[in-house]
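Listing of model-v3.cif; format and content: mmCIF, C-alpha atoms.
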```
data_coords
loop_
_atom_site.label_atom_id
_atom_site.label_comp_id
_atom_site.auth_asym_id
_atom_site.auth_seq_id
_atom_site.Cartn_x
_atom_site.Cartn_y
_atom_site.Cartn_z
CA MET K 1380 32.46 121.14 123.83
CA ASN K 1381 36.19 121.01 124.35
CA ILE K 1382 37.33 117.37 124.34
CA LEU K 1383 40.34 118.25 126.45
CA LYS K 1384 38.02 119.10 129.35
CA ILE K 1385 36.07 115.81 129.37
CA ARG K 1386 37.47 113.85 132.31
CA HIS K 1387 34.45 112.04 133.70
CA GLY K 1388 32.30 110.17 131.21
CA GLN K 1389 28.85 108.79 131.89
CA GLY K 1390 30.03 105.89 134.06
CA HIS K 1391 29.55 103.15 131.46
CA ILE K 1392 31.74 100.34 130.22
CA ALA K 1393 31.44 98.74 126.80
CA LYS K 1394 32.75 95.32 127.79
CA ILE K 1395 35.19 93.27 129.81
CA GLU K 1396 37.23 90.50 128.23
CA ALA K 1397 38.42 88.11 130.91
CA GLN K 1398 41.12 86.70 128.63
CA SER K 1399 42.48 88.76 125.75
CA PHE K 1400 45.41 87.76 123.59
CA VAL K 1401 45.67 90.97 121.55
CA ASP K 1402 45.55 93.88 124.01
CA GLY K 1403 49.19 93.90 125.11
CA GLU K 1404 51.72 91.23 125.99
CA GLY K 1405 50.59 87.89 127.35
CA VAL K 1406 47.09 86.88 128.35
CA ARG K 1407 45.34 89.93 129.77
CA CYS K 1408 42.07 91.10 131.21
CA SER K 1409 40.77 93.95 129.05
CA LEU K 1410 38.39 96.69 130.15
CA TYR K 1411 36.74 98.76 127.42
CA VAL K 1412 35.26 102.01 128.74
CA SER K 1413 32.43 103.82 126.93
CA GLY K 1414 32.80 107.27 125.48
CA CYS K 1415 35.36 108.83 123.20
CA PRO K 1416 35.22 112.37 121.81
CA PHE K 1417 37.99 111.78 119.22
CA ALA K 1418 35.65 109.93 116.81
CA CYS K 1419 38.55 108.67 114.67
CA GLU K 1420 37.62 107.71 111.11
CA ASN K 1421 37.29 103.91 110.84
CA CYS K 1422 37.76 103.41 114.58
CA TYR K 1423 37.80 99.67 115.30
CA ASN K 1424 35.49 100.20 118.29
CA LYS K 1425 33.09 102.84 116.96
CA VAL K 1426 30.18 101.66 119.11
CA ALA K 1427 32.20 102.50 122.26
CA GLN K 1428 32.46 106.17 121.21
CA ASN K 1429 29.01 106.67 122.76
CA PHE K 1430 29.37 107.64 126.44
CA LYS K 1431 26.18 105.74 127.36
CA TYR K 1432 26.97 102.53 125.47
CA GLY K 1433 27.10 99.29 127.43
CA GLU K 1434 26.50 98.83 131.12
CA PRO K 1435 26.94 101.13 134.13
CA PHE K 1436 30.15 100.58 136.10
CA HIS K 1437 29.64 99.53 139.74
CA GLU K 1438 31.85 98.44 142.62
CA ASP K 1439 31.01 94.81 141.89
CA THR K 1440 32.25 95.40 138.32
CA LEU K 1441 35.58 96.50 139.77
CA GLU K 1442 35.79 93.36 141.90
CA GLU K 1443 34.93 91.23 138.86
CA ILE K 1444 37.81 92.81 136.92
CA MET K 1445 40.25 92.19 139.78
CA GLU K 1446 39.13 88.55 140.00
CA TYR K 1447 39.75 88.16 136.26
CA CYS K 1448 43.27 89.58 136.78
CA ALA K 1449 44.09 87.27 139.70
CA PRO K 1450 45.16 84.00 138.01
CA ASN K 1451 48.90 83.53 137.57
CA TYR K 1452 48.56 83.15 133.79
CA ILE K 1453 47.05 86.65 133.48
CA SER K 1454 49.86 89.12 132.71
CA GLY K 1455 47.88 92.20 133.63
CA LEU K 1456 45.10 94.63 132.88
CA SER K 1457 44.56 96.52 129.62
CA ILE K 1458 42.28 99.57 129.53
CA LEU K 1459 40.93 100.69 126.19
CA GLY K 1460 37.88 102.41 124.90
CA GLY K 1461 36.30 104.56 124.25
CA GLU K 1462 38.80 106.94 125.78
CA PRO K 1463 40.29 105.99 129.18
CA PHE K 1464 41.41 109.55 129.97
CA CYS K 1465 37.86 110.87 129.43
CA ASN K 1466 36.59 108.27 131.91
CA VAL K 1467 38.99 108.88 134.77
CA ASP K 1468 36.22 108.29 137.30
CA ILE K 1469 36.32 104.62 136.24
CA THR K 1470 39.87 104.13 134.98
CA LEU K 1471 41.71 105.76 137.87
CA LYS K 1472 39.74 103.69 140.38
CA CYS K 1473 40.56 100.52 138.40
CA ALA K 1474 44.25 101.38 138.11
CA GLN K 1475 44.58 102.23 141.81
CA THR K 1476 42.77 99.06 142.89
CA PHE K 1477 44.86 97.01 140.45
CA ARG K 1478 48.13 98.42 141.86
CA LYS K 1479 46.96 97.97 145.45
CA ARG K 1480 46.08 94.34 144.81
CA PHE K 1481 48.91 93.30 142.46
CA GLY K 1482 51.67 95.89 142.98
CA ASN K 1483 54.10 95.64 140.08
CA THR K 1484 53.73 91.86 139.66
CA LYS K 1485 51.35 92.45 136.73
CA SER K 1486 51.40 95.16 134.08
CA LEU K 1487 48.92 97.89 133.24
CA TRP K 1488 48.51 98.89 129.58
CA VAL K 1489 46.34 101.79 128.38
CA TRP K 1490 45.36 103.04 124.90
CA THR K 1491 44.54 106.73 124.41
CA GLY K 1492 44.01 109.32 121.71
CA PHE K 1493 45.84 111.89 123.84
CA LEU K 1494 49.59 112.37 123.54
CA PHE K 1495 51.86 111.44 126.44
CA GLU K 1496 53.30 114.98 126.54
CA TYR K 1497 49.83 116.42 127.11
CA LEU K 1498 48.87 113.90 129.77
CA GLU K 1499 52.00 114.40 131.84
CA ARG K 1500 51.16 118.10 132.15
CA ASP K 1501 47.37 117.79 132.49
CA SER K 1502 45.07 117.65 135.51
CA ALA K 1503 46.04 115.88 138.71
CA GLU K 1504 43.58 113.05 137.97
CA ARG K 1505 44.95 112.33 134.52
CA LYS K 1506 48.56 112.63 135.67
CA THR K 1507 47.87 110.28 138.61
CA LEU K 1508 46.43 107.72 136.19
CA LEU K 1509 49.42 108.12 133.87
CA GLU K 1510 51.83 107.49 136.75
CA LEU K 1511 50.21 104.08 137.43
CA ILE K 1512 50.60 102.84 133.85
CA ASP K 1513 53.41 100.62 132.55
CA VAL K 1514 52.76 100.89 128.80
CA LEU K 1515 50.80 103.62 127.02
CA VAL K 1516 49.79 103.49 123.38
CA ASP K 1517 49.17 107.15 122.57
CA GLY K 1518 47.80 109.22 119.74
CA PRO K 1519 44.57 109.08 117.78
CA PHE K 1520 44.04 106.44 115.12
CA ILE K 1521 44.64 108.09 111.74
CA ASN K 1522 43.05 106.11 108.95
CA HIS K 1523 45.50 107.01 106.17
CA LEU K 1524 48.40 106.00 108.43
CA TYR K 1525 46.89 102.58 109.11
CA ARG K 1526 49.17 99.62 108.48
CA PRO K 1527 48.20 96.02 109.24
CA ASN K 1528 50.24 94.09 111.79
CA LEU K 1529 51.72 97.05 113.68
CA PRO K 1530 52.49 95.74 117.16
CA TYR K 1531 49.86 97.00 119.64
CA LYS K 1532 48.75 99.97 117.53
CA GLY K 1533 46.67 100.70 114.47
CA SER K 1534 48.36 103.62 112.74
CA MET K 1535 51.96 104.70 112.28
CA ASN K 1536 51.56 107.93 114.26
CA GLN K 1537 50.77 106.04 117.44
CA ARG K 1538 53.55 105.27 119.90
CA VAL K 1539 54.04 102.39 122.32
CA ILE K 1540 55.59 104.07 125.35
CA ASP K 1541 57.36 102.79 128.45
CA VAL K 1542 55.65 105.19 130.84
CA GLN K 1543 57.81 104.65 133.91
CA ALA K 1544 61.07 105.13 131.98
CA SER K 1545 59.59 108.16 130.21
CA LEU K 1546 58.56 109.82 133.47
CA GLN K 1547 61.93 109.10 135.04
CA LYS K 1548 63.99 110.35 132.07
CA ARG K 1549 61.58 113.20 131.27
CA ARG K 1550 61.39 112.20 127.61
CA VAL K 1551 59.34 109.65 125.69
CA CYS K 1552 60.97 106.23 125.80
CA GLU K 1553 59.74 103.58 123.39
CA TYR K 1554 58.55 100.34 124.93
CA ILE K 1555 60.74 97.41 123.96
CA LYS K 1556 59.00 94.02 124.08
CA SER K 1557 60.23 91.86 126.92
#
```

Output the file's structure in the form of structure tokens.
Amino acid sequence: MNILKIRHGQGHIAKIEAQSFVDGEGVRCSLYVSGCPFACENCYNKVAQNFKYGEPFHEDTLEEIMEYCAPNYISGLSILGGEPFCNVDITLKCAQTFRKRFGNTKSLWVWTGFLFEYLERDSAERKTLLELIDVLVDGPFINHLYRPNLPYKGSMNQRVIDVQASLQKRRVCEYIKS
């Protein structure tokens, strides 16, 4: 199986955290999707590598996520995994609904094992998802490059990217904390 071709997982989510303090800036709602083909050594969320882990995603799940994002003290939505870009059937719907409901008043952060350069040239679905994101943490977790206390990432190869600036300038632009 070619991991690059997996776009639609099995429709499961691992968990939802209504209030997270570690998945991006500010207090955030975090959605963890199920299924990741990268299987990184010492992945912090190994259980979510299974595409059938957790609960099936439904429309009422989407509404629950949007309600968690609604309070003024919530800075935005973070989507992690599993692999968000191998679950585009869930993540794109969430991102589109999030933007429709909140516009750019709240931020959307996503973590992926894929590289930005690949995603910006990939399928229409993946590129559409990428275009809705504010901050992307890209690249697989590499155990021997792990360093504690790296902001928003686990290993030194990973990048924290300002997606909108990167798309506009047609080069990767590092995200600078606001």

Exercise for review: Carefully work through the PyMOL selection byres ((chain K and resi 1512) around 8) for this structure and note down the residues it includes, as JSON, numbers by chain.
Suggested key: {"K": [1474, 1486, 1487, 1488, 1489, 1508, 1509, 1510, 1511, 1513, 1514, 1515, 1542, 1543]}

Exercise for review: Apply the PyMOL selection byres ((chain K and resi 1391-1406) around 10) to the displayed file and report the matching residues as a PyMOL selection string.
Suggested key: chain K and resi 1388-1390+1407-1414+1424+1426-1437+1440+1443-1448+1451-1461+1466+1469+1486-1490+1514+1516+1530-1532+1556-1557

Take the residues just selected and output them with C-alpha atoms as a PDB file, in the frame of the given file.
```
ATOM      1  CA  GLY K1388      32.300 110.170 131.210  1.00  0.00           C
ATOM      2  CA  GLN K1389      28.850 108.790 131.890  1.00  0.00           C
ATOM      3  CA  GLY K1390      30.030 105.890 134.060  1.00  0.00           C
ATOM      4  CA  ARG K1407      45.340  89.930 129.770  1.00  0.00           C
ATOM      5  CA  CYS K1408      42.070  91.100 131.210  1.00  0.00           C
ATOM      6  CA  SER K1409      40.770  93.950 129.050  1.00  0.00           C
ATOM      7  CA  LEU K1410      38.390  96.690 130.150  1.00  0.00           C
ATOM      8  CA  TYR K1411      36.740  98.760 127.420  1.00  0.00           C
ATOM      9  CA  VAL K1412      35.260 102.010 128.740  1.00  0.00           C
ATOM     10  CA  SER K1413      32.430 103.820 126.930  1.00  0.00           C
ATOM     11  CA  GLY K1414      32.800 107.270 125.480  1.00  0.00           C
ATOM     12  CA  ASN K1424      35.490 100.200 118.290  1.00  0.00           C
ATOM     13  CA  VAL K1426      30.180 101.660 119.110  1.00  0.00           C
ATOM     14  CA  ALA K1427      32.200 102.500 122.260  1.00  0.00           C
ATOM     15  CA  GLN K1428      32.460 106.170 121.210  1.00  0.00           C
ATOM     16  CA  ASN K1429      29.010 106.670 122.760  1.00  0.00           C
ATOM     17  CA  PHE K1430      29.370 107.640 126.440  1.00  0.00           C
ATOM     18  CA  LYS K1431      26.180 105.740 127.360  1.00  0.00           C
ATOM     19  CA  TYR K1432      26.970 102.530 125.470  1.00  0.00           C
ATOM     20  CA  GLY K1433      27.100  99.290 127.430  1.00  0.00           C
ATOM     21  CA  GLU K1434      26.500  98.830 131.120  1.00  0.00           C
ATOM     22  CA  PRO K1435      26.940 101.130 134.130  1.00  0.00           C
ATOM     23  CA  PHE K1436      30.150 100.580 136.100  1.00  0.00           C
ATOM     24  CA  HIS K1437      29.640  99.530 139.740  1.00  0.00           C
ATOM     25  CA  THR K1440      32.250  95.400 138.320  1.00  0.00           C
ATOM     26  CA  GLU K1443      34.930  91.230 138.860  1.00  0.00           C
ATOM     27  CA  ILE K1444      37.810  92.810 136.920  1.00  0.00           C
ATOM     28  CA  MET K1445      40.250  92.190 139.780  1.00  0.00           C
ATOM     29  CA  GLU K1446      39.130  88.550 140.000  1.00  0.00           C
ATOM     30  CA  TYR K1447      39.750  88.160 136.260  1.00  0.00           C
ATOM     31  CA  CYS K1448      43.270  89.580 136.780  1.00  0.00           C
ATOM     32  CA  ASN K1451      48.900  83.530 137.570  1.00  0.00           C
ATOM     33  CA  TYR K1452      48.560  83.150 133.790  1.00  0.00           C
ATOM     34  CA  ILE K1453      47.050  86.650 133.480  1.00  0.00           C
ATOM     35  CA  SER K1454      49.860  89.120 132.710  1.00  0.00           C
ATOM     36  CA  GLY K1455      47.880  92.200 133.630  1.00  0.00           C
ATOM     37  CA  LEU K1456      45.100  94.630 132.880  1.00  0.00           C
ATOM     38  CA  SER K1457      44.560  96.520 129.620  1.00  0.00           C
ATOM     39  CA  ILE K1458      42.280  99.570 129.530  1.00  0.00           C
ATOM     40  CA  LEU K1459      40.930 100.690 126.190  1.00  0.00           C
ATOM     41  CA  GLY K1460      37.880 102.410 124.900  1.00  0.00           C
ATOM     42  CA  GLY K1461      36.300 104.560 124.250  1.00  0.00           C
ATOM     43  CA  ASN K1466      36.590 108.270 131.910  1.00  0.00           C
ATOM     44  CA  ILE K1469      36.320 104.620 136.240  1.00  0.00           C
ATOM     45  CA  SER K1486      51.400  95.160 134.080  1.00  0.00           C
ATOM     46  CA  LEU K1487      48.920  97.890 133.240  1.00  0.00           C
ATOM     47  CA  TRP K1488      48.510  98.890 129.580  1.00  0.00           C
ATOM     48  CA  VAL K1489      46.340 101.790 128.380  1.00  0.00           C
ATOM     49  CA  TRP K1490      45.360 103.040 124.900  1.00  0.00           C
ATOM     50  CA  VAL K1514      52.760 100.890 128.800  1.00  0.00           C
ATOM     51  CA  VAL K1516      49.790 103.490 123.380  1.00  0.00           C
ATOM     52  CA  PRO K1530      52.490  95.740 117.160  1.00  0.00           C
ATOM     53  CA  TYR K1531      49.860  97.000 119.640  1.00  0.00           C
ATOM     54  CA  LYS K1532      48.750  99.970 117.530  1.00  0.00           C
ATOM     55  CA  LYS K1556      59.000  94.020 124.080  1.00  0.00           C
ATOM     56  CA  SER K1557      60.230  91.860 126.920  1.00  0.00           C
TER      57      SER K1557
END
```

Exercise for review: Grab the CA of Val1467 in chain K to CA of Pro1450 in chain K distance for me, in Å with one decimal place.
Suggested key: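 Straight-line distance from CA of Val1467 in chain K to CA of Pro1450 in chain K works out to 25.8 Å.
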
Exercise for review: Could you please determine the separation between CA of Val1551 in chain K and CA of Arg1478 in chain K in Å, to one decimal place?
Suggested key: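 Here the two named atoms are 22.7 Å from each other.
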
**Study point:** One-decimal distance in Å that lies between CA of Pro1463 in chain K and CA of Arg1538 in chain K
**Key:**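 Distance reported for this atom pair: 16.2 Å.
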
Review point. Could you name the residues that touch range 1545-1548 of chain K at 9 Å or less, counting only C-alpha atoms, but leaving out those on the same chain fewer than 5 positions away, as a PyMOL selection string?
Key: chain K and resi 1499+1510+1540+1553

Revision key, fill the gap. Restricting to all atoms listed in the file, whichever of K:Gly1482, K:Pro1416, K:Gly1518, K:Gly1492 is closest to Gln1537 in chain K is K:Gly1518

Around all listed atoms of range 1496-1506 of chain K, padded 3 Å per side, what centre and edge lengths does the axis-aligned box have in Å to one decimal, as AutoDock Vina command-line options?
```
--center_x 48.4 --center_y 115.2 --center_z 132.6 --size_x 15.7 --size_y 11.8 --size_z 18.2
```

Check your understanding: Which one of K:Leu1529, K:Met1535, K:Ala1544, K:Ile1521 sits closest to Asn1421 in chain K if you count all atoms listed in the file?
Key ->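 The shortest atom-to-atom distance to Asn1421 in chain K comes from K:Ile1521.
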
Practice item. Mind listing whatever residues come within 8 Å of the point (44.8, 115.6, 125.2)? Use all atoms listed in the file, file coordinates, and give them as an NGL selection string. Key: :K and (1382-1383 or 1492-1494 or 1497-1498)

Practice item. Could you please give me, as a ChimeraX atom specification, the residues of protein, DNA or RNA lying at most 7 Å from (45.6, 101.6, 111.9) in the coordinate frame of the file, considering all atoms listed in the file? Key: /K:1520-1522,1524-1527,1532-1534

Review point. Out of K:Thr1484, K:Thr1470, K:Asn1528, K:Thr1476, which residue has the shortest atom-to-atom distance to Arg1505 in chain K when counting all atoms listed in the file?
Key: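 Counting all atoms listed in the file, the residue closest to Arg1505 in chain K is K:Thr1470.
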
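Of the residues listed (K:Arg1550, K:Ile1555, K:Cys1419, K:Asp1501), K:Asp1501 shows the shortest atom-to-atom separation from Phe1464 in chain K; distances use only C-alpha atoms.
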